[in-house]
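Trainee: Structure below; questions to follow.
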Amino acid sequence: MFKSWQALTLWKRVLVGLVLGLGLGLAVRYGTPESVNADSARSGFERAAAIGDTWFKPFGDAFVRLIKMLIIPLIVTTLVSGVTAMGDPKKLGSLGARTIGLYMLTTLFAVSLGLAMGTLIKPGVGVEYNTASAEDLASVTGKMAAAEEAGGFVDRLLDIIPSNPVAALSDGQVLPTIFFSLMIGIGILFVGKAADPVRHFFDSAAEVVMRVTMMVMELAPYGVCALMAWVMATKGIEVLSNLLWLAIALYAACVFQIIFVYGFMIVRLFLGLPLKQFFRGIADAQGVAFSTASSSATLPVTISCAETNLGVDKSVAGSVLPLGATINMDGTAIYLGLVALFAAQADGLQLDMSQYVMVAMTATLVSIGAAGIPSAGLLLAATVLNVVGISPEQSLLIIAFIFPFDRLLDMMRTLTNVSGDIAVACTVAKWEGELNEEVFRNEAEV
Ligand code: ASP
């Protein structure tokens, strides 16, 4: 039994873990009776949440910690070794320009899709959002302030250069770590032969860290199962009764973006590569993204999928993907467009064309600034709401209204964010001649 389980490809095991976790969590949420003990009367939902926190969350947290542990070591080793393998620092310029250009393009497409879907489905019509308690409002206000702190990429360009690289590494700051690793890689290239020991060190360190990542990935089916069980037991699928149309619009737009834009347009038409292998190759990363709702925490899995399953060279995977996890958030951009329309519709506001354009631009910028952590997108939505004429007070009400149900929405946008990063990484790799198509195509066999 165990043997045949292990013989299944990892992505299939991750999928099984996800479905089992979902079923288990829902069974706990909707099957736990209320407590009849008069001293500690608790509803079934409260008890289910307690079971989720006690029995499922610690296992999920352990898995997330294990992957997070690898983020910085993986970026440093892969990127330094990738740059030195690339041989020519000039190539970095074209790689960077192409990456950022493609990221912007896919995000603009995504936000337009979100706006189109919001116009079509009208998720906000008739919604009464004025229901959050004072407590909820206070807690969301604090979280929004913290998200502002963590975001603001555009204002913080300077922070990309770490004045203290050791502090940047130890704080897990992704962009400064990318910058520092690039510089070290370029330094090694310029020094040439005398830097051979350092180059070899990073080459072998990259292999070691990748192997550890694979080891951790073997735990993914269990981690994903625990995380899904926890989310479902504590939050359930109540989003469906409260925000049904917003959820439908978001899921539909994300599925369209993934299948049509990444799959059909980019992978099939533009790259001329098989779709099936692409989707199988990214399934592990999608499973982890969906269950963690954090593209940063998923990063090591994203890098390993791109390299191992799709044949993206480490020079590209190590640079394009960490950057993507920080700035490329197509699911978030779709969502921000949708939330703006949701609020405008709930308030009965009519938008003109210039407001649509402004929403698209602001949503793109906010998605770039949002950190790859749970709910970051929603907590930064006030800027986009402002564009459609919603006051800060009302924005707070809307965000507090959606927040308790955001997880199920966040899971889907994170899955989209991560899928977009990998699609762009494959494209850049192909352009740069750094895509091993044999590896990409062979994925069908596993
Ligand atoms: N949770 C998302 C991510 O990590 C960001 C968001 O809230 O939209 O990619």
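Simple scheme: letters A, B, ... for chains in structure tokens order, numbers from 1 for residues in each chain, numbers from 1 for ligands in the order shown.
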Any idea what's packed within 7 Å of range 218-230 of chain A, counting only C-alpha atoms, ignoring anything in its chain fewer than 5 positions away? Could you give it as a ChimeraX atom specification?
Mentor: /A:13-14,17-18,20-22,24-25,52-53,56-57,59-60,63,288,291-292
Trainee: Could you list, as an NGL selection string, every residue within 8 Å of range 169-174 of chain A, counting only C-alpha atoms and ignoring same-chain residues fewer than 5 positions away?
Mentor: :A and (71-72 or 322-323 or 326)
Trainee: Choose the residue, out of A:Ser294, A:Ser81, A:Asn309, A:Ser139, that has the smallest atom-to-atom separation from ligand 1; count only C-alpha atoms and all ligand atoms.
Mentor: A:Ser294
Trainee: Residues contacting ligand 1 - anything with an atom at most 7 Å away, using only C-alpha atoms and all ligand atoms - can you give me those as a ChimeraX atom specification?
Mentor: /A:293-296,325,329,331-332,370-378,410-411,413-414,417
Trainee: In terms of the shortest atom-to-atom distance over only C-alpha atoms, which of A:Ile184, A:Leu240, A:Ala360, A:Ile266 is closest to Val428 in chain A?
Mentor: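 Residue with the minimum atom-to-atom distance to Val428 in chain A: A:Ile266.
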Trainee: If we count only C-alpha atoms and set the cut-off at 7 Å, which residues sit around Val384 in chain A, ignoring sequence neighbours fewer than 2 positions away in its own chain? Please answer as an MDAnalysis selection string.
Mentor: chainID A and resid 336 340 359 362:363 381:382 386:387
Trainee: Nearest residue to Ile121 in chain A out of A:Pro162, A:Gly192, A:Leu79, A:Tyr251, using only C-alpha atoms?
Mentor: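 Counting only C-alpha atoms, the residue closest to Ile121 in chain A is A:Tyr251.
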